[in-house]
$ cat protein-v7.txt   # compact mmCIF, C-alpha atoms
# COMPACT_ATOMS: atom_id res chain seq x y z
CA MET A 1417 181.23 258.18 24.39
CA THR A 1418 179.41 261.37 23.60
CA LEU A 1419 180.75 264.73 22.60
CA ILE A 1420 178.75 267.92 22.78
CA ARG A 1421 179.78 270.75 20.57
CA PHE A 1422 181.65 273.44 22.47
CA GLN A 1423 179.92 276.79 22.45
CA PRO A 1424 182.12 279.36 24.15
CA GLU A 1425 179.85 282.24 23.26
CA ARG A 1426 177.06 280.80 25.40
CA ALA A 1427 178.73 281.96 28.58
CA GLU A 1428 179.13 285.54 27.54
CA VAL A 1429 175.67 286.93 27.17
CA SER A 1430 175.25 290.50 28.24
CA PRO A 1431 172.60 293.02 27.37
CA ALA A 1432 173.71 295.08 24.44
CA GLN A 1433 175.16 298.40 25.39
CA ARG A 1434 172.80 300.98 24.11
CA PRO A 1435 174.89 303.18 21.86
CA GLY A 1436 172.05 305.71 21.74
CA ASP A 1437 172.59 306.53 25.41
CA MET A 1438 176.24 307.40 24.94
CA LEU A 1439 175.53 309.46 21.89
CA ARG A 1440 172.76 311.32 23.64
CA ASP A 1441 174.91 312.05 26.68
CA PHE A 1442 177.67 313.34 24.45
CA MET A 1443 175.31 315.53 22.46
CA ASN A 1444 173.67 316.94 25.58
CA LEU A 1445 177.04 317.76 27.08
CA HIS A 1446 178.67 319.41 24.09
CA PHE A 1447 175.74 320.67 22.06
CA PRO A 1448 173.17 321.71 24.64
CA PHE A 1449 171.39 323.89 22.08
CA PHE A 1450 170.13 320.82 20.27
CA PRO A 1451 166.64 319.72 21.23
CA GLN A 1452 166.89 317.15 24.00
CA GLU A 1453 164.58 314.57 25.32
CA LYS A 1454 162.60 315.91 28.22
CA ALA A 1455 164.25 315.23 31.57
CA GLY A 1456 162.80 312.19 33.25
CA MET A 1457 161.36 310.80 30.05
CA ASN A 1458 164.18 308.36 29.43
CA THR A 1459 164.50 306.95 32.93
CA TRP A 1460 162.26 303.95 32.53
CA SER A 1461 164.13 300.77 31.80
CA PRO A 1462 162.09 297.60 32.41
CA SER A 1463 164.15 294.67 33.62
CA LEU A 1464 164.88 291.79 31.34
CA ASP A 1465 165.85 288.11 31.68
CA VAL A 1466 167.29 285.71 29.11
CA HIS A 1467 166.69 281.98 29.42
CA ASP A 1468 168.33 279.28 27.36
CA ASP A 1469 166.35 276.11 26.81
CA LYS A 1470 167.24 273.19 24.54
CA ASP A 1471 165.24 274.37 21.52
CA ALA A 1472 164.73 278.08 22.11
CA PHE A 1473 165.81 281.21 23.89
CA THR A 1474 163.21 282.98 25.99
CA VAL A 1475 163.51 286.68 26.72
CA THR A 1476 161.17 288.03 29.41
CA LEU A 1477 160.63 291.72 30.06
CA GLU A 1478 158.77 293.01 33.11
CA ALA A 1479 156.68 295.87 31.80
CA PRO A 1480 153.36 296.01 33.63
CA GLY A 1481 150.40 298.10 32.61
CA LEU A 1482 150.91 298.43 28.86
CA LYS A 1483 148.60 297.70 25.99
CA LYS A 1484 149.61 294.75 23.84
CA GLU A 1485 149.75 297.07 20.83
CA ALA A 1486 152.23 299.39 22.53
CA PHE A 1487 155.18 297.02 22.04
CA GLU A 1488 157.50 297.21 19.06
CA ILE A 1489 159.63 294.10 18.82
CA SER A 1490 162.27 293.73 16.17
CA TRP A 1491 165.08 291.36 15.32
CA HIS A 1492 168.09 292.54 13.41
CA ASP A 1493 171.48 290.92 12.99
CA GLY A 1494 171.43 288.85 16.16
CA VAL A 1495 170.00 291.59 18.34
CA LEU A 1496 166.48 291.56 19.74
CA SER A 1497 165.08 295.04 20.36
CA ILE A 1498 161.97 295.74 22.39
CA ALA A 1499 160.56 299.23 22.57
CA GLY A 1500 157.29 300.53 23.87
CA GLU A 1501 155.45 303.31 25.53
CA ARG A 1502 153.39 303.41 28.68
CA LYS A 1503 150.90 306.23 28.87
CA GLU A 1504 149.49 307.64 32.06
CA ALA A 1505 145.73 308.11 32.06
CA SER A 1506 145.14 311.83 31.66
CA GLU A 1507 142.54 312.02 34.42
CA ALA A 1508 145.03 310.44 36.84
CA LYS A 1509 147.49 313.29 36.36
CA GLU A 1510 145.04 315.84 37.62
CA LYS A 1511 144.13 314.06 40.81
CA ASN A 1512 145.72 314.84 44.14
CA CYS A 1513 148.77 312.60 44.15
CA PHE A 1514 150.40 311.17 47.28
CA ARG A 1515 153.06 309.01 45.75
CA ARG A 1516 154.30 308.71 42.23
CA GLU A 1517 156.82 305.90 41.95
CA ARG A 1518 155.73 304.51 38.60
CA PHE A 1519 157.44 305.58 35.40
CA PHE A 1520 155.65 306.50 32.24
CA GLY A 1521 156.88 307.17 28.75
CA ARG A 1522 159.02 305.37 26.22
CA PHE A 1523 161.52 302.65 26.85
CA SER A 1524 163.85 300.65 24.66
CA ARG A 1525 165.85 297.56 25.48
CA SER A 1526 168.12 295.45 23.30
CA VAL A 1527 169.78 292.14 23.92
CA SER A 1528 172.11 290.16 21.71
CA LEU A 1529 171.67 286.43 21.66
CA PRO A 1530 174.62 284.05 21.61
CA ALA A 1531 173.43 281.77 18.80
CA ASP A 1532 171.47 281.80 15.57
CA VAL A 1533 167.69 281.75 15.81
CA GLN A 1534 164.95 281.11 13.26
CA SER A 1535 163.98 284.71 12.81
CA ASP A 1536 160.71 283.92 11.03
CA LYS A 1537 159.48 281.90 14.01
CA ILE A 1538 159.99 284.49 16.77
CA ALA A 1539 156.79 284.80 18.80
CA ALA A 1540 155.75 287.01 21.70
CA THR A 1541 153.04 286.92 24.36
CA TYR A 1542 152.05 289.48 26.97
CA LEU A 1543 150.56 288.14 30.18
CA ASP A 1544 150.35 289.60 33.70
CA GLY A 1545 152.61 292.48 32.76
CA VAL A 1546 155.42 290.27 31.46
CA LEU A 1547 156.34 290.21 27.80
CA THR A 1548 157.73 286.82 26.79
CA VAL A 1549 159.56 286.54 23.49
CA THR A 1550 160.38 283.02 22.31
CA LEU A 1551 163.18 282.67 19.77
CA PRO A 1552 163.53 279.12 18.41
CA LYS A 1553 167.14 278.17 17.81
CA ALA A 1554 168.37 277.50 14.32
CA GLU A 1555 169.09 273.85 13.63
CA LYS A 1556 172.83 274.40 13.53
CA ALA A 1557 172.80 276.19 16.88
CA LYS A 1558 171.15 273.35 18.78
CA PRO A 1559 173.48 271.25 20.89
CA LYS A 1560 174.32 268.12 18.96
CA GLN A 1561 175.44 264.79 20.23
CA ILE A 1562 177.97 263.05 18.07
CA GLU A 1563 178.63 259.40 18.59
CA VAL A 1564 182.30 258.61 18.38
CA SER A 1565 183.22 254.99 18.21
CA VAL A 1566 186.38 254.10 20.06
CA GLN A 1567 188.54 251.67 18.19
CA MET B 628 171.10 258.19 88.14
CA THR B 629 167.99 260.20 87.60
CA THR B 630 167.01 262.01 84.53
CA THR B 631 164.54 264.77 84.43
CA THR B 632 162.75 265.81 81.37
CA THR B 633 161.13 269.14 81.05
CA GLU B 634 158.38 269.80 78.64
CA ARG B 635 159.54 272.46 76.25
CA SER B 636 157.00 275.08 75.57
CA PRO B 637 155.88 275.19 71.95
CA ALA B 638 157.16 278.73 71.62
CA THR B 639 160.76 277.75 72.30
CA ALA B 640 160.54 274.39 70.59
CA THR B 641 159.88 275.83 67.16
CA ALA B 642 162.75 277.47 65.40
CA ALA B 643 162.64 281.19 64.74
CA PRO B 644 160.63 281.82 61.58
CA GLU B 645 162.75 282.24 58.51
CA ARG B 646 163.01 285.79 57.36
CA ILE B 647 161.31 286.08 54.00
CA ARG B 648 162.55 288.65 51.57
CA TYR B 649 160.09 290.64 49.57
CA VAL B 650 160.28 293.12 46.77
CA THR B 651 158.58 296.47 47.37
CA PRO B 652 156.36 297.20 44.39
CA ALA B 653 156.33 300.72 42.97
CA VAL B 654 153.02 302.45 43.66
CA THR B 655 151.14 305.53 42.61
CA ILE B 656 148.46 306.81 44.98
CA HIS B 657 145.81 309.32 44.00
CA GLU B 658 143.15 310.89 46.14
CA ASP B 659 139.89 312.35 44.96
CA ALA B 660 136.74 313.42 46.76
CA ASP B 661 135.33 309.87 46.84
CA GLY B 662 138.39 307.94 47.92
CA TYR B 663 141.87 306.74 47.06
CA THR B 664 143.26 304.75 44.16
CA ILE B 665 146.45 302.72 44.61
CA GLU B 666 148.23 301.29 41.58
CA ALA B 667 150.98 298.82 42.44
CA GLU B 668 153.30 297.29 39.85
CA MET B 669 153.63 293.56 40.33
CA PRO B 670 154.70 292.07 36.99
CA GLY B 671 154.48 288.29 36.81
CA VAL B 672 151.63 288.12 39.31
CA GLY B 673 148.32 286.76 38.10
CA LYS B 674 144.89 287.32 39.56
CA ASP B 675 145.23 284.24 41.76
CA GLY B 676 148.59 285.28 43.17
CA VAL B 677 147.38 288.44 44.87
CA HIS B 678 146.31 288.70 48.51
CA VAL B 679 144.94 291.91 49.96
CA THR B 680 144.13 292.12 53.67
CA VAL B 681 142.97 294.91 55.92
CA GLU B 682 143.68 294.48 59.61
CA ASN B 683 144.03 296.97 62.46
CA GLY B 684 143.94 299.90 60.10
CA GLU B 685 146.73 298.46 57.92
CA LEU B 686 146.36 297.55 54.30
CA VAL B 687 148.69 294.71 53.31
CA PHE B 688 149.00 293.34 49.82
CA THR B 689 151.23 290.53 48.64
CA GLY B 690 151.77 289.04 45.21
CA SER B 691 153.45 285.75 44.38
CA LYS B 692 155.24 285.46 41.06
CA SER B 693 154.64 282.76 38.54
CA ALA B 694 157.49 280.39 37.71
CA PRO B 695 160.17 281.58 35.26
CA PRO B 696 160.43 279.94 31.81
CA ALA B 697 162.24 276.64 31.47
CA GLY B 698 165.94 276.43 30.74
CA ASN B 699 169.14 277.92 32.10
CA THR B 700 169.07 281.56 33.04
CA LEU B 701 171.76 283.27 30.98
CA TYR B 702 171.11 286.74 32.22
CA ARG B 703 168.82 288.04 34.94
CA GLU B 704 167.78 291.46 36.15
CA THR B 705 164.42 290.67 37.69
CA PRO B 706 164.15 289.67 41.33
CA ARG B 707 162.65 286.26 42.07
CA ALA B 708 161.13 287.26 45.41
CA ASP B 709 157.44 287.91 45.94
CA TYR B 710 155.97 291.36 46.38
CA ARG B 711 154.69 292.85 49.62
CA ARG B 712 153.78 296.31 50.79
CA VAL B 713 151.96 297.74 53.80
CA PHE B 714 150.13 301.05 54.12
CA ASP B 715 148.40 302.70 57.06
CA LEU B 716 144.82 303.38 56.13
CA ASP B 717 143.09 306.69 56.45
CA PRO B 718 140.33 306.10 59.06
CA ALA B 719 137.88 307.68 56.62
CA VAL B 720 138.21 304.68 54.26
CA ASP B 721 135.21 302.37 54.25
CA THR B 722 137.05 299.05 54.53
CA ASP B 723 134.01 297.01 53.46
CA GLN B 724 133.95 298.75 50.10
CA ILE B 725 137.57 298.22 49.07
CA SER B 726 137.81 296.68 45.62
CA ALA B 727 140.80 295.31 43.71
CA ARG B 728 141.58 294.20 40.19
CA MET B 729 144.64 293.15 38.23
CA ASP B 730 145.43 294.79 34.93
CA GLN B 731 148.53 293.35 33.17
CA GLY B 732 150.63 293.11 36.31
CA VAL B 733 149.27 296.28 37.91
CA LEU B 734 147.17 295.85 41.04
CA VAL B 735 144.55 298.60 41.14
CA LEU B 736 142.98 299.11 44.57
CA ARG B 737 140.03 301.41 45.06
CA LEU B 738 139.53 302.63 48.63
CA PRO B 739 136.28 304.58 48.85
CA LYS B 740 135.74 306.96 51.74
CA ALA B 741 132.81 306.32 54.05
CA GLN B 742 129.77 308.35 53.12
CA ASP B 743 129.69 310.35 56.37
CA LYS B 744 133.41 311.19 56.16
CA LYS B 745 133.31 312.84 52.76
CA PRO B 746 133.71 316.59 52.58
CA ARG B 747 130.30 318.18 52.40
CA ARG B 748 129.23 321.48 51.09
CA ILE B 749 127.06 323.27 53.61
CA THR B 750 124.65 325.77 52.32
CA ILE B 751 123.87 328.77 54.43
CA GLY B 752 120.24 329.09 55.31
CA ASP B 753 118.38 332.34 55.13

$ encode --input "protein-v7.txt" --output "structure tokens"
Amino acid sequence: MTLIRFQPERAEVSPAQRPGDMLRDFMNLHFPFFPQEKAGMNTWSPSLDVHDDKDAFTVTLEAPGLKKEAFEISWHDGVLSIAGERKEASEAKEKNCFRRERFFGRFSRSVSLPADVQSDKIAATYLDGVLTVTLPKAEKAKPKQIEVSVQ
Amino acid sequence: MTTTTTERSPATATAAPERIRYVTPAVTIHEDADGYTIEAEMPGVGKDGVHVTVENGELVFTGSKSAPPAGNTLYRETPRADYRRVFDLDPAVDTDQISARMDQGVLVLRLPKAQDKKPRRITIGD
């Protein structure tokens, strides 16, 4: 007979609410004389997936057309934060433009993970416009099988 | 008792093709004197996953996504479907000279205008 440790928190992953957004909305509403971010500059929010494998979590972020150096990835207190900036080529702005559906500027996404990870072993790759962050699970967070002998 | 069999035409014998869903990639299109540049965002598509065709004055590009990482998906925002978008081409575009490249999930298409269709400056003779 095998027992696998129950992990209720696994089912409840959601992207972290970004408290900065609420604060900014509040400030813009009640204190409009404070300097604000330029309209349209904070509309880019690349989409994000979280995968749970046996040994590691994988977070993928679809952010095409950036430089590898433009990403800032940080881990703090169970929350993975990915920020970055996509710059539009200056000569492209001046050309006659038919359609402009792509967003440029800064973005920031955060996601909280449901179990401990080995924070010194977090690694990231950027390929084909997808940033993949691999977070190996801490030993105690891995699912364990405990043999129970039935008398 | 007689039975008659009728040969079914191939058109009716095959089931209706399954409707494939695609994601419309975001594009930016610029025009300059020499042609057009189309940038289409197709994250997760490598160089081998892109197909660009020009037929009957239509430019069609599709991109197939690479497989997601292993494991259960806990949370998902990205669509799994492939990308596809169609544009009508300006007749001035020289279809033989169209070039394409992939740059970190962005398909960059260059559509040069044919030499004799470019705007020309005409100098006034004496």

$ atom_distance --input "protein-v7.txt" --atom1 "CA of Thr705 in chain B" --atom2 "CA of Gly676 in chain B"
17.6 Å

$ interface_residues --input "protein-v7.txt" --of "chain B" --to "chain A" --cutoff "12 Å" --atoms "all atoms listed in the file" --output "PyMOL selection string"
chain B and resi 651-677+690-707+714+728-735

$ residues_around --input "protein-v7.txt" --residues "range 1533-1540 of chain A" --least-positions-apart "3" --cutoff "6 Å" --atoms "all atoms listed in the file" --output "ChimeraX atom specification"
/A:1548-1554

$ atom_distance --input "protein-v7.txt" --atom1 "CA of Phe1520 in chain A" --atom2 "CA of Gly1500 in chain A"
10.4 Å

$ residues_near_point --input "protein-v7.txt" --point "(157.0, 292.7, 46.0)" --cutoff "6 Å" --atoms "all atoms listed in the file" --output "PyMOL selection string"
chain B and resi 649-652+709-711

$ write_last_selection --input "protein-v7.txt" --atoms "C-alpha atoms" --output "CSV table (one decimal), in the frame of the given file"
chain,number,residue,atom,x,y,z
B,649,TYR,CA,160.1,290.6,49.6
B,650,VAL,CA,160.3,293.1,46.8
B,651,THR,CA,158.6,296.5,47.4
B,652,PRO,CA,156.4,297.2,44.4
B,709,ASP,CA,157.4,287.9,45.9
B,710,TYR,CA,156.0,291.4,46.4
B,711,ARG,CA,154.7,292.8,49.6

$ residues_near_point --input "protein-v7.txt" --point "(141.7, 292.6, 52.1)" --cutoff "10 Å" --atoms "only C-alpha atoms" --output "PyMOL selection string"
chain B and resi 678-682+685-688+722-723+725-727

$ residues_around --input "protein-v7.txt" --residues "Val720 in chain B" --least-positions-apart "4" --cutoff "10 Å" --atoms "all atoms listed in the file" --output "ChimeraX atom specification"
/B:661-663,684,716,724-725,737-742,744-745

$ atom_distance --input "protein-v7.txt" --atom1 "CA of Trp1460 in chain A" --atom2 "CA of Glu1488 in chain A"
15.8 Å

$ build_atoms --input "protein-v7.txt" --residues "range 1527-1550 of chain A" --atoms "N, CA and C atoms" --output "short mmCIF file (atom, residue, chain, number, x, y, z; two decimals), keeping the file's coordinate frame"
data_model
loop_
_atom_site.label_atom_id
_atom_site.label_comp_id
_atom_site.auth_asym_id
_atom_site.auth_seq_id
_atom_site.Cartn_x
_atom_site.Cartn_y
_atom_site.Cartn_z
N VAL A 1527 168.94 293.21 23.39
CA VAL A 1527 169.78 292.14 23.92
C VAL A 1527 170.29 291.34 22.72
N SER A 1528 171.57 291.00 22.78
CA SER A 1528 172.11 290.16 21.71
C SER A 1528 172.11 288.72 22.19
N LEU A 1529 171.76 287.83 21.29
CA LEU A 1529 171.67 286.43 21.66
C LEU A 1529 172.89 285.68 21.14
N PRO A 1530 173.33 284.67 21.92
CA PRO A 1530 174.62 284.05 21.61
C PRO A 1530 174.60 283.03 20.48
N ALA A 1531 173.45 282.75 19.89
CA ALA A 1531 173.43 281.77 18.80
C ALA A 1531 172.36 282.16 17.79
N ASP A 1532 172.43 281.51 16.63
CA ASP A 1532 171.47 281.80 15.57
C ASP A 1532 170.07 281.36 15.97
N VAL A 1533 169.08 282.14 15.57
CA VAL A 1533 167.69 281.75 15.81
C VAL A 1533 166.96 281.77 14.47
N GLN A 1534 165.79 281.10 14.47
CA GLN A 1534 164.95 281.11 13.26
C GLN A 1534 164.10 282.37 13.32
N SER A 1535 164.57 283.38 12.63
CA SER A 1535 163.98 284.71 12.81
C SER A 1535 162.52 284.78 12.37
N ASP A 1536 162.11 283.88 11.46
CA ASP A 1536 160.71 283.92 11.03
C ASP A 1536 159.78 283.25 12.02
N LYS A 1537 160.33 282.61 13.06
CA LYS A 1537 159.48 281.90 14.01
C LYS A 1537 159.51 282.55 15.40
N ILE A 1538 159.98 283.79 15.49
CA ILE A 1538 159.99 284.49 16.77
C ILE A 1538 158.55 284.85 17.13
N ALA A 1539 158.17 284.53 18.37
CA ALA A 1539 156.79 284.80 18.80
C ALA A 1539 156.82 285.49 20.15
N ALA A 1540 155.79 286.28 20.43
CA ALA A 1540 155.75 287.01 21.70
C ALA A 1540 154.35 286.93 22.31
N THR A 1541 154.32 286.86 23.64
CA THR A 1541 153.04 286.92 24.36
C THR A 1541 153.18 287.94 25.48
N TYR A 1542 152.06 288.51 25.88
CA TYR A 1542 152.05 289.48 26.97
C TYR A 1542 151.00 289.05 27.97
N LEU A 1543 151.48 288.64 29.15
CA LEU A 1543 150.56 288.14 30.18
C LEU A 1543 151.02 288.65 31.55
N ASP A 1544 150.09 289.13 32.34
CA ASP A 1544 150.35 289.60 33.70
C ASP A 1544 151.50 290.61 33.75
N GLY A 1545 151.59 291.44 32.75
CA GLY A 1545 152.61 292.48 32.76
C GLY A 1545 154.00 292.01 32.37
N VAL A 1546 154.11 290.78 31.90
CA VAL A 1546 155.42 290.27 31.46
C VAL A 1546 155.34 289.93 29.98
N LEU A 1547 156.24 290.52 29.23
CA LEU A 1547 156.34 290.21 27.80
C LEU A 1547 157.32 289.05 27.65
N THR A 1548 156.88 288.00 26.99
CA THR A 1548 157.73 286.82 26.79
C THR A 1548 157.96 286.64 25.30
N VAL A 1549 159.22 286.73 24.89
CA VAL A 1549 159.56 286.54 23.49
C VAL A 1549 160.29 285.20 23.37
N THR A 1550 159.77 284.34 22.52
CA THR A 1550 160.38 283.02 22.31
C THR A 1550 161.09 283.02 20.97
#
